[in-house]
file entry-v3.txt (compact mmCIF, C-alpha atoms and all ligand atoms)
# COMPACT_ATOMS: atom_id res chain seq x y z
CA MET K 216 32.22 74.84 54.33
CA LEU K 217 29.01 73.50 55.79
CA LEU K 218 28.23 71.83 52.47
CA VAL K 219 31.60 70.08 52.47
CA ALA K 220 31.14 68.88 56.05
CA SER K 221 27.56 67.78 55.41
CA VAL K 222 28.66 65.68 52.48
CA ALA K 223 31.46 64.01 54.43
CA ALA K 224 29.02 63.56 57.32
CA LEU K 225 26.84 61.44 55.03
CA GLY K 226 29.58 58.88 55.69
CA GLY K 227 28.64 59.19 59.39
CA LEU K 228 24.96 58.76 58.60
CA LEU K 229 25.66 55.49 56.79
CA PHE K 230 27.94 54.37 59.65
CA GLY K 231 25.08 54.91 62.11
CA TYR K 232 22.31 53.51 59.93
CA ASP K 233 24.15 50.37 58.92
CA THR K 234 25.29 49.52 62.46
CA GLY K 235 21.88 50.32 64.02
CA VAL K 236 19.51 48.72 61.51
CA ILE K 237 20.40 45.11 62.24
CA SER K 238 19.03 45.20 65.82
CA GLY K 239 15.45 45.19 64.47
CA ALA K 240 16.05 43.39 61.16
CA ILE K 241 17.56 40.34 62.86
CA LEU K 242 14.17 39.36 64.36
CA PHE K 243 12.78 38.76 60.87
CA ILE K 244 15.96 37.42 59.20
CA GLN K 245 16.14 34.82 61.93
CA LYS K 246 12.62 33.63 61.07
CA ASP K 247 13.15 33.62 57.27
CA PHE K 248 16.47 31.77 57.35
CA SER K 249 15.75 29.75 60.56
CA LEU K 250 19.03 30.87 62.16
CA THR K 251 20.66 29.29 65.19
CA THR K 252 21.73 31.60 68.03
CA GLN K 253 25.35 31.46 66.85
CA LEU K 254 24.40 32.43 63.30
CA GLN K 255 22.28 35.26 64.65
CA GLU K 256 25.21 36.60 66.64
CA PHE K 257 27.44 36.24 63.61
CA THR K 258 24.95 38.08 61.36
CA ILE K 259 25.20 40.98 63.80
CA SER K 260 28.96 40.94 64.29
CA VAL K 261 30.15 40.16 60.74
CA VAL K 262 29.67 43.83 59.92
CA LEU K 263 32.18 44.73 62.64
CA ILE K 264 34.73 42.33 61.09
CA GLY K 265 34.22 44.19 57.79
CA CYS K 266 34.74 47.49 59.67
CA ILE K 267 38.04 46.21 61.07
CA ALA K 268 39.18 45.20 57.56
CA GLY K 269 38.03 48.49 55.99
CA ALA K 270 39.63 50.66 58.68
CA ALA K 271 42.88 48.71 58.37
CA VAL K 272 43.43 49.59 54.71
CA SER K 273 41.63 52.94 54.47
CA GLY K 274 44.43 55.18 55.80
CA TRP K 275 46.84 53.71 53.28
CA ILE K 276 44.31 54.16 50.46
CA ALA K 277 43.51 57.73 51.59
CA ASP K 278 47.20 58.59 51.42
CA ARG K 279 47.46 57.06 47.91
CA ILE K 280 44.33 58.15 46.03
CA GLY K 281 43.30 61.05 48.27
CA ARG K 282 40.62 61.61 50.91
CA ARG K 283 37.93 62.56 48.41
CA TRP K 284 38.26 59.51 46.15
CA THR K 285 38.42 57.15 49.11
CA LEU K 286 35.11 58.53 50.41
CA LEU K 287 33.62 58.26 46.96
CA TRP K 288 34.66 54.60 46.80
CA ALA K 289 33.26 54.07 50.28
CA GLY K 290 29.92 55.20 48.82
CA VAL K 291 30.21 52.64 46.00
CA VAL K 292 31.04 49.89 48.53
CA PHE K 293 27.99 50.91 50.61
CA ILE K 294 25.76 50.63 47.53
CA ALA K 295 27.13 47.18 46.63
CA GLY K 296 26.76 45.94 50.23
CA ALA K 297 23.18 47.20 50.57
CA ILE K 298 22.12 45.58 47.27
CA ILE K 299 23.79 42.23 48.04
CA SER K 300 22.23 42.12 51.55
CA ALA K 301 18.75 43.15 50.40
CA LEU K 302 18.63 40.57 47.59
CA ALA K 303 20.38 37.75 49.48
CA PRO K 304 18.74 34.40 48.62
CA GLY K 305 20.18 32.80 51.75
CA GLU K 306 22.34 33.31 54.83
CA PRO K 307 25.81 32.98 53.18
CA VAL K 308 25.10 35.80 50.68
CA LEU K 309 23.58 37.92 53.45
CA LEU K 310 26.75 37.47 55.51
CA ALA K 311 28.83 38.47 52.47
CA GLY K 312 26.67 41.57 51.93
CA ARG K 313 26.96 42.63 55.57
CA PHE K 314 30.73 42.12 55.43
CA VAL K 315 30.91 44.43 52.37
CA VAL K 316 28.78 47.02 54.20
CA GLY K 317 31.28 46.75 57.08
CA ILE K 318 34.15 47.59 54.72
CA GLY K 319 32.28 50.74 53.66
CA ILE K 320 31.76 51.73 57.31
CA GLY K 321 35.43 51.04 58.06
CA PHE K 322 36.50 53.30 55.17
CA SER K 323 34.24 56.15 56.07
CA SER K 324 34.96 55.95 59.83
CA VAL K 325 38.58 56.80 59.08
CA VAL K 326 38.32 59.09 56.09
CA ALA K 327 35.23 61.22 56.89
CA PRO K 328 36.67 62.73 60.12
CA LEU K 329 40.10 62.93 58.44
CA TYR K 330 38.71 64.87 55.49
CA ILE K 331 36.57 67.18 57.62
CA SER K 332 39.41 68.00 60.04
CA GLU K 333 41.78 68.77 57.16
CA VAL K 334 39.37 71.00 55.29
CA ALA K 335 37.94 72.86 58.32
CA PRO K 336 39.33 76.21 59.53
CA SER K 337 40.73 75.72 63.05
CA ASN K 338 38.14 77.87 64.87
CA VAL K 339 35.21 75.64 63.80
CA ARG K 340 37.01 72.31 63.35
CA GLY K 341 35.55 70.86 66.57
CA ALA K 342 31.99 71.72 65.57
CA LEU K 343 32.43 70.30 62.08
CA VAL K 344 33.90 66.98 63.26
CA SER K 345 31.14 66.81 65.92
CA LEU K 346 28.71 67.16 63.05
CA TYR K 347 30.07 63.82 61.87
CA GLN K 348 29.14 62.24 65.22
CA PHE K 349 25.74 63.94 64.96
CA ALA K 350 25.30 62.24 61.58
CA ILE K 351 26.15 58.88 63.18
CA THR K 352 23.43 59.42 65.78
CA VAL K 353 20.91 60.55 63.14
CA GLY K 354 21.74 57.35 61.24
CA ILE K 355 21.19 55.19 64.34
CA LEU K 356 17.89 56.93 65.15
CA GLY K 357 16.82 56.66 61.50
CA ALA K 358 17.54 52.93 61.61
CA TYR K 359 15.45 52.46 64.78
CA LEU K 360 12.56 54.38 63.19
CA VAL K 361 12.74 52.44 59.91
CA ASP K 362 12.83 49.16 61.88
CA PHE K 363 9.85 50.32 63.90
CA ALA K 364 7.87 51.38 60.81
CA LEU K 365 8.61 48.19 58.84
CA ALA K 366 8.18 45.81 61.79
CA PRO K 367 4.49 45.05 61.04
CA SER K 368 5.39 43.85 57.51
CA GLY K 369 8.66 42.24 58.64
CA ASN K 370 10.33 43.53 55.46
CA TRP K 371 13.99 43.22 56.49
CA ARG K 372 15.13 43.43 52.84
CA LEU K 373 13.83 46.97 52.63
CA MET K 374 15.36 47.81 56.05
CA LEU K 375 18.81 46.86 54.70
CA GLY K 376 18.29 48.00 51.10
CA ILE K 377 17.10 51.52 51.81
CA ALA K 378 20.72 52.46 52.68
CA VAL K 379 21.28 52.72 48.90
CA VAL K 380 19.67 56.19 48.95
CA PRO K 381 22.17 57.97 51.27
CA SER K 382 24.99 55.96 49.63
CA LEU K 383 24.09 57.43 46.23
CA ALA K 384 23.99 60.87 47.82
CA LEU K 385 27.49 60.29 49.22
CA VAL K 386 28.88 59.35 45.80
CA ALA K 387 27.20 62.32 44.12
CA GLY K 388 28.31 64.69 46.88
CA MET K 389 31.94 63.60 46.72
CA LEU K 390 31.98 64.37 42.99
CA LEU K 391 31.13 67.99 43.84
CA VAL K 392 33.43 68.79 46.79
CA PRO K 393 37.15 69.73 46.64
CA GLU K 394 40.10 67.57 47.70
CA SER K 395 41.67 68.38 51.09
CA PRO K 396 44.29 71.17 50.68
CA ARG K 397 46.55 69.39 53.15
CA TYR K 398 46.49 66.27 50.98
CA LEU K 399 47.19 68.38 47.86
CA PHE K 400 50.27 69.96 49.47
CA LYS K 401 51.42 66.57 50.66
CA THR K 402 51.35 65.27 47.09
CA GLY K 403 53.03 68.36 45.60
CA ARG K 404 49.98 70.01 43.96
CA ASP K 405 50.69 73.41 45.47
CA LEU K 406 48.68 75.56 43.09
CA ALA K 407 45.51 73.56 43.54
CA ALA K 408 46.11 73.45 47.31
CA ARG K 409 46.51 77.24 47.54
CA ASP K 410 43.36 77.63 45.52
CA GLU K 411 41.38 75.46 47.95
CA LEU K 412 42.81 77.26 50.98
CA GLY K 413 41.75 80.57 49.42
CA ARG K 414 38.24 79.22 48.92
CA ILE K 415 37.99 77.97 52.50
CA TYR K 416 39.21 81.17 54.15
CA GLY K 417 37.72 83.65 51.65
CA GLU K 418 39.18 87.05 50.83
CA GLY K 419 41.88 88.20 53.22
CA GLY K 420 41.61 85.06 55.36
CA GLY K 421 44.59 83.16 56.75
CA PRO K 422 45.82 80.86 53.96
CA ALA K 423 49.40 82.13 54.20
CA ALA K 424 49.74 81.14 57.85
CA GLU K 425 47.96 77.87 57.19
CA GLU K 426 50.16 77.11 54.17
CA ARG K 427 53.36 77.89 56.06
CA SER K 428 52.28 75.68 58.90
CA ILE K 429 51.39 72.77 56.58
CA ARG K 430 54.73 73.10 54.74
CA GLU K 431 56.73 73.11 57.96
CA SER K 432 55.05 69.98 59.16
CA LEU K 433 55.62 68.25 55.81
CA ALA K 434 59.27 69.26 55.64
CA VAL K 435 60.13 67.26 58.74
CA LYS K 436 60.14 63.76 57.31
CA SER K 437 58.32 61.61 54.80
CA GLY K 438 58.74 58.25 53.10
CA ASN K 439 57.75 54.75 54.19
CA PRO K 440 54.81 55.16 56.59
CA LEU K 441 56.00 52.35 58.86
CA LEU K 442 59.28 54.21 59.41
CA LEU K 443 57.15 56.93 60.98
CA LEU K 444 56.74 54.67 63.98
CA ALA K 445 60.42 55.22 64.75
CA ASP K 446 59.46 58.79 65.63
CA ARG K 447 58.71 59.26 69.35
CA SER K 448 56.06 61.92 68.81
CA VAL K 449 54.17 59.69 66.36
CA ARG K 450 54.36 56.83 68.83
CA LEU K 451 53.00 59.04 71.60
CA ALA K 452 50.14 60.27 69.38
CA LEU K 453 49.42 56.67 68.47
CA PHE K 454 49.37 55.66 72.13
CA ILE K 455 46.89 58.46 72.91
CA GLY K 456 44.76 57.75 69.82
CA VAL K 457 44.54 53.99 70.28
CA THR K 458 43.86 54.23 74.03
CA LEU K 459 41.11 56.84 73.57
CA ALA K 460 39.53 54.80 70.78
CA VAL K 461 39.46 51.66 72.92
CA LEU K 462 38.20 53.54 76.01
CA GLN K 463 35.33 54.96 73.93
CA GLN K 464 34.14 51.38 73.44
CA VAL K 465 35.00 49.63 76.72
CA THR K 466 32.97 52.17 78.70
CA GLY K 467 30.05 50.24 77.25
CA ILE K 468 28.10 52.51 74.86
CA ASN K 469 27.21 49.86 72.32
CA THR K 470 25.61 47.59 74.89
CA VAL K 471 22.84 50.21 74.97
CA ILE K 472 22.96 50.99 71.24
CA TYR K 473 22.86 47.33 70.08
CA TYR K 474 21.14 45.56 73.01
CA GLY K 475 18.91 48.36 74.32
CA PRO K 476 15.58 46.56 74.00
CA GLN K 477 16.97 43.54 75.87
CA ILE K 478 18.26 45.73 78.72
CA PHE K 479 14.91 47.51 78.90
CA GLN K 480 13.20 44.16 79.26
CA MET K 481 15.56 43.21 82.11
CA ALA K 482 14.64 46.55 83.70
CA GLY K 483 10.97 45.65 83.81
CA ILE K 484 9.45 46.77 80.48
CA SER K 485 7.85 43.55 79.34
CA SER K 486 6.29 44.25 75.94
CA ASN K 487 8.36 44.15 72.72
CA SER K 488 6.87 47.27 71.24
CA ALA K 489 7.34 49.29 74.46
CA SER K 490 11.00 48.31 74.63
CA ILE K 491 11.57 49.18 70.95
CA LEU K 492 9.86 52.50 71.61
CA ALA K 493 12.13 53.09 74.62
CA GLU K 494 15.10 52.39 72.32
CA THR K 495 13.83 55.08 69.96
CA LEU K 496 13.90 57.43 72.93
CA VAL K 497 17.55 56.44 73.55
CA GLY K 498 18.25 57.24 69.90
CA THR K 499 16.62 60.66 70.26
CA VAL K 500 18.55 61.55 73.42
CA ASN K 501 21.77 60.40 71.71
CA CYS K 502 21.05 62.64 68.75
CA LEU K 503 19.94 65.76 70.62
CA MET K 504 22.73 65.73 73.19
CA THR K 505 25.34 65.64 70.40
CA LEU K 506 24.18 69.18 69.56
CA VAL K 507 25.57 70.26 72.95
CA ALA K 508 29.04 69.19 71.78
CA ILE K 509 28.66 70.96 68.44
CA PHE K 510 27.82 74.17 70.28
CA PHE K 511 30.40 74.03 73.08
CA VAL K 512 33.41 72.11 71.78
CA ASP K 513 35.16 75.10 70.20
CA ARG K 514 34.03 77.46 72.96
CA ILE K 515 34.84 75.73 76.25
CA GLY K 516 37.19 73.10 74.82
CA ARG K 517 37.49 69.34 74.52
CA LYS K 518 38.70 68.41 78.00
CA PRO K 519 36.00 70.17 80.11
CA LEU K 520 33.31 68.45 78.03
CA LEU K 521 35.04 65.10 78.46
CA TYR K 522 35.24 65.53 82.26
CA ALA K 523 31.57 66.52 82.54
CA GLY K 524 30.39 63.69 80.28
CA LEU K 525 32.51 61.03 81.96
CA ALA K 526 31.35 62.12 85.43
CA GLY K 527 27.71 61.83 84.30
CA MET K 528 28.35 58.43 82.68
CA PHE K 529 30.01 57.20 85.88
CA LEU K 530 27.09 58.29 88.09
CA ALA K 531 24.51 56.83 85.70
CA LEU K 532 26.34 53.48 85.52
CA ALA K 533 26.68 53.38 89.32
CA ALA K 534 22.92 53.98 89.65
CA LEU K 535 22.23 51.31 87.02
CA SER K 536 24.44 48.86 88.85
CA TYR K 537 22.65 49.66 92.13
CA ALA K 538 19.17 49.24 90.57
CA PHE K 539 20.09 45.86 89.07
CA SER K 540 21.58 44.67 92.37
CA GLN K 541 18.18 44.90 94.08
CA PRO K 542 16.10 41.71 94.26
CA HIS K 543 13.01 43.02 92.43
CA LEU K 544 13.32 45.58 89.69
CA SER K 545 9.98 47.32 89.48
CA GLY K 546 8.28 50.64 90.25
CA SER K 547 10.73 53.35 91.25
CA LEU K 548 13.77 51.09 90.73
CA SER K 549 12.72 50.48 87.11
CA ALA K 550 12.37 54.22 86.71
CA ILE K 551 15.87 54.75 88.13
CA ALA K 552 17.27 52.14 85.71
CA LEU K 553 15.57 53.68 82.67
CA GLY K 554 16.48 57.24 83.70
CA SER K 555 20.10 56.20 84.25
CA MET K 556 20.32 54.71 80.78
CA MET K 557 19.10 57.95 79.24
CA VAL K 558 21.55 60.01 81.33
CA TYR K 559 24.38 57.63 80.40
CA VAL K 560 23.69 57.89 76.65
CA GLY K 561 23.12 61.66 76.86
CA CYS K 562 26.45 62.21 78.64
CA PHE K 563 28.31 60.00 76.14
CA ALA K 564 26.73 61.95 73.29
CA PHE K 565 28.28 65.30 74.22
CA SER K 566 31.65 63.94 75.34
CA LEU K 567 33.26 60.61 74.49
CA GLY K 568 31.16 60.13 71.33
CA PRO K 569 32.22 63.13 69.27
CA ILE K 570 35.42 64.15 71.05
CA VAL K 571 37.26 60.86 70.61
CA TRP K 572 36.73 61.06 66.84
CA LEU K 573 37.80 64.69 66.93
CA LEU K 574 40.97 64.10 68.95
CA ILE K 575 42.15 61.19 66.83
CA ALA K 576 41.71 63.43 63.79
CA GLU K 577 43.75 66.19 65.48
CA ILE K 578 46.73 64.72 67.31
CA PHE K 579 48.75 63.19 64.47
CA PRO K 580 51.32 65.13 62.43
CA LEU K 581 50.18 65.42 58.81
CA ARG K 582 52.71 62.92 57.48
CA ALA K 583 51.38 60.23 59.87
CA ARG K 584 47.73 61.23 59.95
CA GLY K 585 46.29 58.64 57.54
CA LEU K 586 48.17 55.79 59.16
CA GLY K 587 47.58 57.00 62.73
CA MET K 588 43.85 57.46 62.27
CA SER K 589 43.59 54.13 60.57
CA ILE K 590 45.28 52.26 63.43
CA SER K 591 43.28 54.14 66.11
CA THR K 592 39.99 53.53 64.30
CA LEU K 593 40.88 49.88 63.84
CA ALA K 594 41.40 49.65 67.62
CA ASN K 595 37.98 51.28 68.09
CA TRP K 596 36.30 48.59 65.95
CA VAL K 597 38.16 45.76 67.70
CA GLY K 598 37.00 47.19 71.07
CA ASN K 599 33.46 47.48 69.70
CA PHE K 600 33.54 43.88 68.46
CA LEU K 601 34.78 42.52 71.79
CA VAL K 602 32.25 44.45 73.91
CA SER K 603 29.26 43.60 71.71
CA GLN K 604 30.33 39.99 71.33
CA PHE K 605 30.82 39.39 75.07
CA PHE K 606 28.15 41.61 76.65
CA LEU K 607 25.59 38.83 77.11
CA THR K 608 28.30 36.46 78.34
CA MET K 609 29.50 39.07 80.86
CA ILE K 610 25.96 39.42 82.16
CA GLN K 611 25.71 35.64 82.54
CA LYS K 612 29.11 35.19 84.17
CA LEU K 613 29.55 38.39 86.23
CA GLY K 614 25.91 39.35 86.70
CA THR K 615 24.30 42.58 85.52
CA PRO K 616 25.31 44.83 88.50
CA LEU K 617 28.99 43.92 88.20
CA THR K 618 28.94 44.31 84.41
CA PHE K 619 27.72 47.91 84.68
CA ALA K 620 30.07 48.55 87.62
CA THR K 621 32.99 47.48 85.37
CA TYR K 622 32.00 50.10 82.79
CA ALA K 623 31.71 52.67 85.61
CA VAL K 624 35.28 51.94 86.77
CA LEU K 625 36.48 52.27 83.17
CA CYS K 626 34.91 55.76 83.05
CA VAL K 627 37.17 56.74 85.97
CA VAL K 628 40.17 55.24 84.16
CA THR K 629 39.25 57.29 81.08
CA MET K 630 39.02 60.45 83.15
CA LEU K 631 42.49 59.89 84.58
CA PHE K 632 43.85 59.18 81.11
CA VAL K 633 42.35 62.39 79.73
CA ARG K 634 43.76 64.37 82.63
CA THR K 635 47.31 63.06 82.30
CA MET K 636 47.76 62.35 78.59
CA VAL K 637 45.35 64.29 76.38
CA PRO K 638 46.28 67.79 75.10
CA GLU K 639 43.63 70.55 74.84
CA THR K 640 43.29 71.27 71.11
CA LYS K 641 40.60 73.97 71.08
CA ARG K 642 41.15 76.56 68.31
CA GLU K 643 44.71 75.45 67.55
CA LEU K 644 46.07 74.93 64.05
CA LEU K 645 46.28 71.19 63.35
CA GLU K 646 50.03 71.51 62.92
CA ASP K 647 50.40 73.23 66.33
CA VAL K 648 48.50 70.40 67.99
CA SER K 649 50.99 67.86 66.70
CA MET K 650 53.88 70.14 67.78
CA LYS K 651 52.41 70.07 71.29
CA VAL K 652 52.31 66.27 71.24
CA ALA K 653 55.89 66.21 69.93
CA ALA K 654 57.03 68.51 72.74
CA GLU K 655 55.42 66.16 75.28
CA ALA K 656 57.23 63.19 73.75
CA THR K 657 60.69 64.70 74.19
C1 LIG K 701 30.86 55.24 68.44
C2 LIG K 701 29.95 54.12 68.05
C3 LIG K 701 28.61 54.30 68.73
C4 LIG K 701 28.05 55.69 68.46
C5 LIG K 701 26.80 55.94 69.26
C6 LIG K 701 30.21 56.55 68.09
O1 LIG K 701 31.06 57.61 68.42
O2 LIG K 701 32.11 55.11 67.79
O3 LIG K 701 30.54 52.89 68.39
O4 LIG K 701 27.70 53.33 68.28
O5 LIG K 701 28.99 56.68 68.77
O6 LIG K 701 26.26 57.18 68.97
call {"tool": "encode", "arguments": {"input": "entry-v3.txt", "output": "structure tokens"}}
result
Amino acid sequence: MLLVASVAALGGLLFGYDTGVISGAILFIQKDFSLTTQLQEFTISVVLIGCIAGAAVSGWIADRIGRRWTLLWAGVVFIAGAIISALAPGEPVLLAGRFVVGIGIGFSSVVAPLYISEVAPSNVRGALVSLYQFAITVGILGAYLVDFALAPSGNWRLMLGIAVVPSLALVAGMLLVPESPRYLFKTGRDLAARDELGRIYGEGGGPAAEERSIRESLAVKSGNPLLLLADRSVRLALFIGVTLAVLQQVTGINTVIYYGPQIFQMAGISSNSASILAETLVGTVNCLMTLVAIFFVDRIGRKPLLYAGLAGMFLALAALSYAFSQPHLSGSLSAIALGSMMVYVGCFAFSLGPIVWLLIAEIFPLRARGLGMSISTLANWVGNFLVSQFFLTMIQKLGTPLTFATYAVLCVVTMLFVRTMVPETKRELLEDVSMKVAAEAT
């Protein structure tokens, strides 16, 4: 089980690495290709456009060729993108390479959590999907460290190209693991599906209950995926999934993940290397605090962790906003600003980070899961694109204190949304979760 999840989590590692690596690489690309500010911004955001495109088609592909083959193809796309970017003779080819990498990230951001949630037994499903988020954070931290190590040589081609190694591992791994039993039932391969369920639960486990539950949920309706939207329970799940996905982004996490060094400089750390080092610390906190979610998410549940994390994020953002509203940011105020950023990232890491991916993998009925996750993940990437694209503009137009205060208010909005709309899904069979959502919709 752990092997299966680790392999799918390699998709998360590549997601994290390929989104994080550009923050350091851009300094050297800009010099080599003499980029204007606009082209620099576009070199950073083109990957997110690829993610939007990849996420848009991945659910459909995963329902056609299966979860396993889609992840395997994601690995191939990652390899192609890394090679094109690393060898790019000029800016246009680099942009094309980064776009291709984005497609790979878009694929894996939908299909990795989908695959893990479908293969995992319900009592450890939360931990296994959180492992995916952990892999994202390891990827981001790895990218910061590689950037830091290669900075003296300025070798951005190696920074981008090194992603070939985990991509090859993803392809090889997907050749070894089984297809999701839920997908096999869905496509009528009952014998193979029963076989996989037996392997997952071992001797005397619960495949009969699981099989009955999958069959019941499949019997309800199938056919044209867009017709699914006529179903109230699917629409409600979609509303919850899309809103959670957008809230995960508009509470501001990627301002710190993508622009960390710049924020640190505004907070009074003047040297480049010190601010890159501080960013590595952010990456470490992000990574370690995700372990808290892995440990607690199936024990105390999704919603308590979300409340605790969102409360911490709110307080940290309020403190950040206060520190930046003071005329001179130095001494103890700088310390408050830096501490708040760490608390903010740490609280995100055990709540909104993993649990949003988990919930959008849990709330859809099987027949609408590929489509529903695809649309929710697409919304996540659009939110990501908008926040990262307009962060610097917001700071210029609204000022730094008001920008962070806006994210703080959005944390409160998220808390209210979780309280009123989100079901607790701890230790429930996937099919029972969607029944719950259906009952709410009627
Ligand atoms: C988010 C990413 C973010 C990462 C940070 C993920 O859950 O979807 O946008 O960069 O967490 O760890």
call {"tool": "residues_near_ligand", "arguments": {"input": "entry-v3.txt", "ligand": "ligand LIG 701 (chain K)", "cutoff": "6 Å", "atoms": "only C-alpha atoms and all ligand atoms", "output": "PyMOL selection string"}}
result
chain K and resi 348+352+469+568-569
call {"tool": "closest_residue", "arguments": {"input": "entry-v3.txt", "among": "K:Ala583, K:Ala297, K:Ala452, K:Val500", "to": "Ala277 in chain K", "atoms": "only C-alpha atoms"}}
result
K:Ala583
call {"tool": "closest_residue", "arguments": {"input": "entry-v3.txt", "among": "K:Asp278, K:Arg447, K:Gly467, K:Phe230", "to": "Gln604 in chain K", "atoms": "all atoms listed in the file"}}
result
K:Gly467
call {"tool": "atom_distance", "arguments": {"input": "entry-v3.txt", "atom1": "CA of Gly585 in chain K", "atom2": "CA of Met216 in chain K"}}
result
21.7 Å
call {"tool": "atom_distance", "arguments": {"input": "entry-v3.txt", "atom1": "CA of Arg584 in chain K", "atom2": "CA of Ile320 in chain K"}}
result
18.8 Å
call {"tool": "atom_distance", "arguments": {"input": "entry-v3.txt", "atom1": "CA of Leu535 in chain K", "atom2": "CA of Gly357 in chain K"}}
result
26.6 Å
call {"tool": "closest_residue", "arguments": {"input": "entry-v3.txt", "among": "K:Met650, K:Ile509, K:Ile280, K:Met588", "to": "Leu399 in chain K", "atoms": "all atoms listed in the file"}}
result
K:Ile280
call {"tool": "residues_around", "arguments": {"input": "entry-v3.txt", "residues": "range 486-490 of chain K", "least_positions_apart": "3", "cutoff": "9 Å", "atoms": "only C-alpha atoms", "output": "list in words"}}
result
Phe363, Gly475, Pro476, Gln477, Ile478, Phe479, Gln480, Ala493, Glu494 and Thr495 of chain K
call {"tool": "closest_atom_pairs", "arguments": {"input": "entry-v3.txt", "of": "range 574-657 of chain K", "to": "range 250-261 of chain K", "cutoff": "12 Å", "atoms": "all atoms listed in the file", "output": "Markdown table"}}
result
| residue | atom | partner | partner_atom | distance |
| --- | --- | --- | --- | --- |
| K:Trp596 | CA | K:Ser260 | CA | 10.7 |
| K:Val597 | CA | K:Ser260 | CA | 10.9 |
| K:Asn599 | CA | K:Ser260 | CA | 9.6 |
| K:Phe600 | CA | K:Ser260 | CA | 6.9 |
| K:Leu601 | CA | K:Ser260 | CA | 9.6 |
| K:Val602 | CA | K:Ser260 | CA | 10.8 |
| K:Ser603 | CA | K:Ser260 | CA | 7.9 |
| K:Gln604 | CA | K:Ser260 | CA | 7.2 |
| K:Phe605 | CA | K:Glu256 | CA | 10.5 |
| K:Phe606 | CA | K:Glu256 | CA | 11.6 |
| K:Leu607 | CA | K:Glu256 | CA | 10.7 |
call {"tool": "residues_around", "arguments": {"input": "entry-v3.txt", "residues": "Ser221 in chain K", "least_positions_apart": "3", "cutoff": "9 Å", "atoms": "only C-alpha atoms", "output": "PDB file with C-alpha atoms, in the coordinates of the input"}}
result
ATOM      1  CA  MET K 216      32.220  74.840  54.330  1.00  0.00           C
ATOM      2  CA  LEU K 217      29.010  73.500  55.790  1.00  0.00           C
ATOM      3  CA  LEU K 218      28.230  71.830  52.470  1.00  0.00           C
ATOM      4  CA  ALA K 224      29.020  63.560  57.320  1.00  0.00           C
ATOM      5  CA  LEU K 225      26.840  61.440  55.030  1.00  0.00           C
ATOM      6  CA  LEU K 343      32.430  70.300  62.080  1.00  0.00           C
ATOM      7  CA  LEU K 346      28.710  67.160  63.050  1.00  0.00           C
ATOM      8  CA  TYR K 347      30.070  63.820  61.870  1.00  0.00           C
ATOM      9  CA  ALA K 350      25.300  62.240  61.580  1.00  0.00           C
TER      10      ALA K 350
END
call {"tool": "closest_residue", "arguments": {"input": "entry-v3.txt", "among": "K:Leu360, K:Leu617, K:Met504, K:Ala268", "to": "Ile491 in chain K", "atoms": "all atoms listed in the file"}}
result
K:Leu360
call {"tool": "residues_around", "arguments": {"input": "entry-v3.txt", "residues": "Val627 in chain K", "least_positions_apart": "5", "cutoff": "10 Å", "atoms": "only C-alpha atoms", "output": "ChimeraX atom specification"}}
result
/K:466,522,525-526,528-529,622,632-633
call {"tool": "residues_around", "arguments": {"input": "entry-v3.txt", "residues": "Val392 in chain K", "least_positions_apart": "4", "cutoff": "12 Å", "atoms": "only C-alpha atoms", "output": "PDB file with C-alpha atoms, keeping the file's coordinate frame"}}
result
ATOM      1  CA  MET K 216      32.220  74.840  54.330  1.00  0.00           C
ATOM      2  CA  LEU K 217      29.010  73.500  55.790  1.00  0.00           C
ATOM      3  CA  LEU K 218      28.230  71.830  52.470  1.00  0.00           C
ATOM      4  CA  VAL K 219      31.600  70.080  52.470  1.00  0.00           C
ATOM      5  CA  ALA K 220      31.140  68.880  56.050  1.00  0.00           C
ATOM      6  CA  SER K 221      27.560  67.780  55.410  1.00  0.00           C
ATOM      7  CA  VAL K 222      28.660  65.680  52.480  1.00  0.00           C
ATOM      8  CA  ALA K 223      31.460  64.010  54.430  1.00  0.00           C
ATOM      9  CA  ARG K 282      40.620  61.610  50.910  1.00  0.00           C
ATOM     10  CA  ARG K 283      37.930  62.560  48.410  1.00  0.00           C
ATOM     11  CA  TRP K 284      38.260  59.510  46.150  1.00  0.00           C
ATOM     12  CA  LEU K 286      35.110  58.530  50.410  1.00  0.00           C
ATOM     13  CA  LEU K 287      33.620  58.260  46.960  1.00  0.00           C
ATOM     14  CA  TYR K 330      38.710  64.870  55.490  1.00  0.00           C
ATOM     15  CA  ILE K 331      36.570  67.180  57.620  1.00  0.00           C
ATOM     16  CA  VAL K 334      39.370  71.000  55.290  1.00  0.00           C
ATOM     17  CA  LEU K 385      27.490  60.290  49.220  1.00  0.00           C
ATOM     18  CA  VAL K 386      28.880  59.350  45.800  1.00  0.00           C
ATOM     19  CA  ALA K 387      27.200  62.320  44.120  1.00  0.00           C
ATOM     20  CA  GLY K 388      28.310  64.690  46.880  1.00  0.00           C
ATOM     21  CA  PRO K 396      44.290  71.170  50.680  1.00  0.00           C
ATOM     22  CA  GLU K 411      41.380  75.460  47.950  1.00  0.00           C
ATOM     23  CA  ARG K 414      38.240  79.220  48.920  1.00  0.00           C
ATOM     24  CA  ILE K 415      37.990  77.970  52.500  1.00  0.00           C
TER      25      ILE K 415
END
call {"tool": "residues_around", "arguments": {"input": "entry-v3.txt", "residues": "range 538-543 of chain K", "least_positions_apart": "2", "cutoff": "10 Å", "atoms": "all atoms listed in the file", "output": "JSON, numbers by chain"}}
result
{"K": [481, 482, 483, 532, 533, 534, 535, 536, 545, 546, 547, 548, 549, 550, 551, 552, 553, 555, 614, 615, 616, 617, 619]}
